[in-house]
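Reproduced below: coords.cif, with mmCIF, C-alpha atoms, pLDDT in the B column; chains and numbers go by the auth columns.
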data_work
#
loop_
_atom_site.group_PDB
_atom_site.id
_atom_site.type_symbol
_atom_site.label_atom_id
_atom_site.label_comp_id
_atom_site.label_asym_id
_atom_site.label_seq_id
_atom_site.Cartn_x
_atom_site.Cartn_y
_atom_site.Cartn_z
_atom_site.B_iso_or_equiv
_atom_site.auth_seq_id
_atom_site.auth_asym_id
ATOM 1 C CA MET A 1 29.449 13.168 25.087 52.00 1195 A
ATOM 2 C CA GLY A 2 26.579 14.280 22.935 54.00 1196 A
ATOM 3 C CA GLU A 3 22.874 13.572 22.917 63.00 1197 A
ATOM 4 C CA GLY A 4 22.484 11.640 19.679 73.00 1198 A
ATOM 5 C CA ARG A 5 23.382 12.809 16.222 86.00 1199 A
ATOM 6 C CA PRO A 6 23.173 16.595 15.769 89.00 1200 A
ATOM 7 C CA TYR A 7 23.998 16.392 12.066 91.00 1201 A
ATOM 8 C CA PRO A 8 21.631 15.565 9.196 91.00 1202 A
ATOM 9 C CA GLU A 9 21.107 11.983 8.060 91.00 1203 A
ATOM 10 C CA HIS A 10 23.828 11.084 5.568 92.00 1204 A
ATOM 11 C CA GLY A 11 22.501 7.731 4.348 91.00 1205 A
ATOM 12 C CA LEU A 12 25.925 6.106 3.916 93.00 1206 A
ATOM 13 C CA SER A 13 25.995 2.321 3.754 91.00 1207 A
ATOM 14 C CA SER A 14 28.872 0.180 5.031 87.00 1208 A
ATOM 15 C CA ARG A 15 30.106 -0.029 1.454 90.00 1209 A
ATOM 16 C CA ASP A 16 30.055 3.788 1.153 94.00 1210 A
ATOM 17 C CA TRP A 17 32.004 4.170 4.392 93.00 1211 A
ATOM 18 C CA ALA A 18 34.613 1.696 3.115 92.00 1212 A
ATOM 19 C CA LYS A 19 35.374 4.075 0.211 94.00 1213 A
ATOM 20 C CA ILE A 20 36.506 6.825 2.616 96.00 1214 A
ATOM 21 C CA PRO A 21 40.234 6.502 3.339 97.00 1215 A
ATOM 22 C CA PRO A 22 41.098 6.466 7.045 96.00 1216 A
ATOM 23 C CA ARG A 23 42.998 9.359 8.570 97.00 1217 A
ATOM 24 C CA GLN A 24 44.307 10.201 11.998 97.00 1218 A
ATOM 25 C CA VAL A 25 41.949 11.935 14.401 97.00 1219 A
ATOM 26 C CA ARG A 26 42.847 13.190 17.867 97.00 1220 A
ATOM 27 C CA LEU A 27 40.840 11.443 20.564 96.00 1221 A
ATOM 28 C CA ASP A 28 40.344 14.696 22.474 95.00 1222 A
ATOM 29 C CA GLN A 29 38.512 16.179 19.468 96.00 1223 A
ATOM 30 C CA LEU A 30 35.861 13.452 19.251 94.00 1224 A
ATOM 31 C CA VAL A 31 32.308 13.881 20.530 93.00 1225 A
ATOM 32 C CA SER A 32 30.463 10.613 21.057 88.00 1226 A
ATOM 33 C CA THR A 33 26.929 10.299 19.699 86.00 1227 A
ATOM 34 C CA LYS A 34 26.197 7.374 22.045 74.00 1228 A
ATOM 35 C CA ARG A 35 25.537 7.591 25.776 69.00 1229 A
ATOM 36 C CA GLU A 36 26.136 3.896 26.453 64.00 1230 A
ATOM 37 C CA MET A 37 28.632 1.305 25.338 58.00 1231 A
ATOM 38 C CA ASP A 38 28.489 -2.472 25.401 59.00 1232 A
ATOM 39 C CA LEU A 39 31.308 -3.518 27.726 58.00 1233 A
ATOM 40 C CA GLN A 40 31.478 -6.879 25.970 60.00 1234 A
ATOM 41 C CA SER A 41 32.433 -5.066 22.731 54.00 1235 A
ATOM 42 C CA LEU A 42 35.254 -3.276 24.519 52.00 1236 A
ATOM 43 C CA LEU A 43 36.698 -6.440 26.019 55.00 1237 A
ATOM 44 C CA SER A 44 36.240 -8.698 22.999 55.00 1238 A
ATOM 45 C CA LYS A 45 39.459 -9.564 21.178 56.00 1239 A
ATOM 46 C CA ASP A 46 37.594 -9.948 17.880 51.00 1240 A
ATOM 47 C CA SER A 47 35.399 -6.848 18.205 50.00 1241 A
ATOM 48 C CA THR A 48 36.348 -5.692 14.693 49.00 1242 A
ATOM 49 C CA PHE A 49 36.007 -9.109 13.052 49.00 1243 A
ATOM 50 C CA TYR A 50 32.515 -8.490 11.642 54.00 1244 A
ATOM 51 C CA GLY A 51 32.701 -4.747 11.088 61.00 1245 A
ATOM 52 C CA ASP A 52 34.892 -2.006 9.720 66.00 1246 A
ATOM 53 C CA LEU A 53 38.359 -1.867 11.233 86.00 1247 A
ATOM 54 C CA PHE A 54 38.105 1.919 11.431 93.00 1248 A
ATOM 55 C CA PRO A 55 35.635 3.999 13.452 93.00 1249 A
ATOM 56 C CA HIS A 56 33.202 6.237 11.581 94.00 1250 A
ATOM 57 C CA VAL A 57 33.405 9.960 12.305 96.00 1251 A
ATOM 58 C CA VAL A 58 31.190 12.721 10.909 96.00 1252 A
ATOM 59 C CA GLN A 59 32.491 16.273 10.660 96.00 1253 A
ATOM 60 C CA TRP A 60 29.664 18.779 11.086 95.00 1254 A
ATOM 61 C CA HIS A 61 30.009 22.505 11.833 94.00 1255 A
ATOM 62 C CA GLY A 62 33.675 22.010 12.671 94.00 1256 A
ATOM 63 C CA GLU A 63 33.020 19.281 15.259 95.00 1257 A
ATOM 64 C CA LEU A 64 34.021 15.626 14.910 96.00 1258 A
ATOM 65 C CA TYR A 65 31.249 13.227 15.966 95.00 1259 A
ATOM 66 C CA LEU A 66 32.113 9.592 16.631 94.00 1260 A
ATOM 67 C CA GLU A 67 29.196 7.774 15.038 91.00 1261 A
ATOM 68 C CA ASP A 68 30.511 4.219 15.218 88.00 1262 A
ATOM 69 C CA GLY A 69 33.521 2.715 16.987 88.00 1263 A
ATOM 70 C CA LEU A 70 33.221 4.010 20.547 86.00 1264 A
ATOM 71 C CA HIS A 71 34.771 0.793 21.863 84.00 1265 A
ATOM 72 C CA ARG A 72 37.793 1.294 19.566 87.00 1266 A
ATOM 73 C CA ALA A 73 38.236 4.887 20.726 90.00 1267 A
ATOM 74 C CA LEU A 74 37.980 3.884 24.377 87.00 1268 A
ATOM 75 C CA ARG A 75 40.437 1.051 23.871 86.00 1269 A
ATOM 76 C CA ALA A 76 42.897 3.498 22.256 92.00 1270 A
ATOM 77 C CA ALA A 77 42.475 5.890 25.188 92.00 1271 A
ATOM 78 C CA LEU A 78 43.073 3.077 27.688 90.00 1272 A
ATOM 79 C CA HIS A 79 46.322 2.312 25.838 93.00 1273 A
ATOM 80 C CA GLN A 80 47.220 6.013 26.290 95.00 1274 A
ATOM 81 C CA ARG A 81 47.171 6.753 22.568 95.00 1275 A
ATOM 82 C CA LEU A 82 46.350 10.311 21.532 96.00 1276 A
ATOM 83 C CA VAL A 83 45.160 9.558 17.992 96.00 1277 A
ATOM 84 C CA LEU A 84 42.933 7.061 16.272 94.00 1278 A
ATOM 85 C CA HIS A 85 42.693 6.121 12.595 96.00 1279 A
ATOM 86 C CA ALA A 86 39.096 6.704 11.483 97.00 1280 A
ATOM 87 C CA ARG A 87 37.035 7.226 8.347 96.00 1281 A
ATOM 88 C CA VAL A 88 35.830 10.842 8.396 97.00 1282 A
ATOM 89 C CA LEU A 89 32.761 11.961 6.454 97.00 1283 A
ATOM 90 C CA ASP A 90 32.990 15.738 5.993 96.00 1284 A
ATOM 91 C CA LEU A 91 29.410 17.010 5.961 95.00 1285 A
ATOM 92 C CA ASP A 92 30.745 20.577 6.152 92.00 1286 A
ATOM 93 C CA ALA A 93 31.735 20.122 2.514 90.00 1287 A
ATOM 94 C CA VAL A 94 28.210 19.016 1.465 81.00 1288 A
ATOM 95 C CA ASP A 95 25.594 21.540 0.316 72.00 1289 A
ATOM 96 C CA PHE A 96 22.238 20.555 1.858 65.00 1290 A
ATOM 97 C CA SER A 97 20.219 23.353 0.224 60.00 1291 A
#
structure tokens encoding of this file:
Amino acid sequence: MGEGRPYPEHGLSSRDWAKIPPRQVRLDQLVSTKREMDLQSLLSKDSTFYGDLFPHVVQWHGELYLEDGLHRALRAALHQRLVLHARVLDLDAVDFS
């Protein structure tokens, strides 16, 4: 578990995230950027109804940071799944200079 977002602001909108194709990510490689989770989101059957079906992950300096979708990742772990389909933004490939 991390202490917030250690990577630079990317400025992606929901529409921008939707353009990134989902890929499999191992749950044991994810670092959460949130310290707390809404239990109601975890237990809700329609928790993805209003949002993206796939969690948002940011790759920065070789680490994978779970920016959005902690409840989906936890639900996958509780179902003993090792991987999760997520949209991954690779900031390692972006030149910030």
(request) Step by step, work through what the PyMOL selection byres ((chain A and resi 1221) around 12) selects in the shown file, and finish by giving those residues as a ChimeraX atom specification. (result) /A:1218-1220,1222-1226,1249,1251,1258-1260,1263-1264,1266-1280
(request) Could you check how far atom CA of A:Pro1200 sits from atom CA of A:His1255, in Å to one decimal? (result)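 Computed distance, atom CA of A:Pro1200 to atom CA of A:His1255, equals 9.9 Å.
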Provide an axis-aligned box for all listed atoms of stretch 1196-1209 of chain A, padding each side by 6 Å; report its centre and its edge lengths in Å to one decimal, as JSON.
{"center_x": 25.6, "center_y": 8.3, "center_z": 12.2, "size_x": 21.0, "size_y": 28.6, "size_z": 33.5}
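As for atom CA of A:Ile1214 and atom CA of A:Gly1198, they are spaced 22.6 Å apart.
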(message) Report, in Å with one decimal, the straight-line distance from atom CA of A:Asp1210 to atom CA of A:Gln1253.
(response)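 Calculated distance between atom CA of A:Asp1210 and atom CA of A:Gln1253 is 15.9 Å.
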(request) Any chance you could resolve the PyMOL selection byres ((chain A and resi 1283) around 7) against this file and give the residues as a PyMOL selection string? (result) chain A and resi 1251-1253+1281-1282+1284-1285
(message) With distances taken over only C-alpha atoms, which residue among A:His1250, A:His1265, A:Lys1228, A:Arg1199 lies nearest A:Ala1212?
(response)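 When distances to A:Ala1212 are compared using only C-alpha atoms, the smallest one comes from A:His1250.
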N, CA and C atoms restored at stretch 1215-1228 of chain A, emitted as a PDB file, in the frame of the given file:
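out.pdb was written with the following content:
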ATOM      1  N   PRO A1215      38.944   6.936   2.778  1.00 97.00           N
ATOM      2  CA  PRO A1215      40.234   6.502   3.339  1.00 97.00           C
ATOM      3  C   PRO A1215      40.375   6.945   4.796  1.00 97.00           C
ATOM      4  N   PRO A1216      40.916   6.082   5.639  1.00 96.00           N
ATOM      5  CA  PRO A1216      41.098   6.466   7.045  1.00 96.00           C
ATOM      6  C   PRO A1216      42.169   7.541   7.196  1.00 96.00           C
ATOM      7  N   ARG A1217      42.010   8.338   8.227  1.00 97.00           N
ATOM      8  CA  ARG A1217      42.998   9.359   8.570  1.00 97.00           C
ATOM      9  C   ARG A1217      43.101   9.434  10.086  1.00 97.00           C
ATOM     10  N   GLN A1218      44.136  10.067  10.553  1.00 97.00           N
ATOM     11  CA  GLN A1218      44.307  10.201  11.998  1.00 97.00           C
ATOM     12  C   GLN A1218      43.403  11.293  12.548  1.00 97.00           C
ATOM     13  N   VAL A1219      42.814  10.991  13.699  1.00 97.00           N
ATOM     14  CA  VAL A1219      41.949  11.935  14.401  1.00 97.00           C
ATOM     15  C   VAL A1219      42.383  11.925  15.865  1.00 97.00           C
ATOM     16  N   ARG A1220      42.483  13.105  16.445  1.00 97.00           N
ATOM     17  CA  ARG A1220      42.847  13.190  17.867  1.00 97.00           C
ATOM     18  C   ARG A1220      41.652  12.763  18.719  1.00 97.00           C
ATOM     19  N   LEU A1221      41.912  11.924  19.691  1.00 96.00           N
ATOM     20  CA  LEU A1221      40.840  11.443  20.564  1.00 96.00           C
ATOM     21  C   LEU A1221      40.163  12.579  21.321  1.00 96.00           C
ATOM     22  N   ASP A1222      40.935  13.598  21.699  1.00 95.00           N
ATOM     23  CA  ASP A1222      40.344  14.696  22.474  1.00 95.00           C
ATOM     24  C   ASP A1222      39.460  15.617  21.638  1.00 95.00           C
ATOM     25  N   GLN A1223      39.380  15.377  20.336  1.00 96.00           N
ATOM     26  CA  GLN A1223      38.512  16.179  19.468  1.00 96.00           C
ATOM     27  C   GLN A1223      37.191  15.482  19.159  1.00 96.00           C
ATOM     28  N   LEU A1224      37.049  14.228  19.586  1.00 94.00           N
ATOM     29  CA  LEU A1224      35.861  13.452  19.251  1.00 94.00           C
ATOM     30  C   LEU A1224      34.737  13.669  20.254  1.00 94.00           C
ATOM     31  N   VAL A1225      33.522  13.806  19.717  1.00 93.00           N
ATOM     32  CA  VAL A1225      32.308  13.881  20.530  1.00 93.00           C
ATOM     33  C   VAL A1225      31.509  12.620  20.228  1.00 93.00           C
ATOM     34  N   SER A1226      31.211  11.847  21.252  1.00 88.00           N
ATOM     35  CA  SER A1226      30.463  10.613  21.057  1.00 88.00           C
ATOM     36  C   SER A1226      28.987  10.920  20.815  1.00 88.00           C
ATOM     37  N   THR A1227      28.371  10.151  19.929  1.00 86.00           N
ATOM     38  CA  THR A1227      26.929  10.299  19.699  1.00 86.00           C
ATOM     39  C   THR A1227      26.141   9.260  20.488  1.00 86.00           C
ATOM     40  N   LYS A1228      26.858   8.418  21.256  1.00 74.00           N
ATOM     41  CA  LYS A1228      26.197   7.374  22.045  1.00 74.00           C
ATOM     42  C   LYS A1228      26.445   7.623  23.529  1.00 74.00           C
TER      43      LYS A1228
END
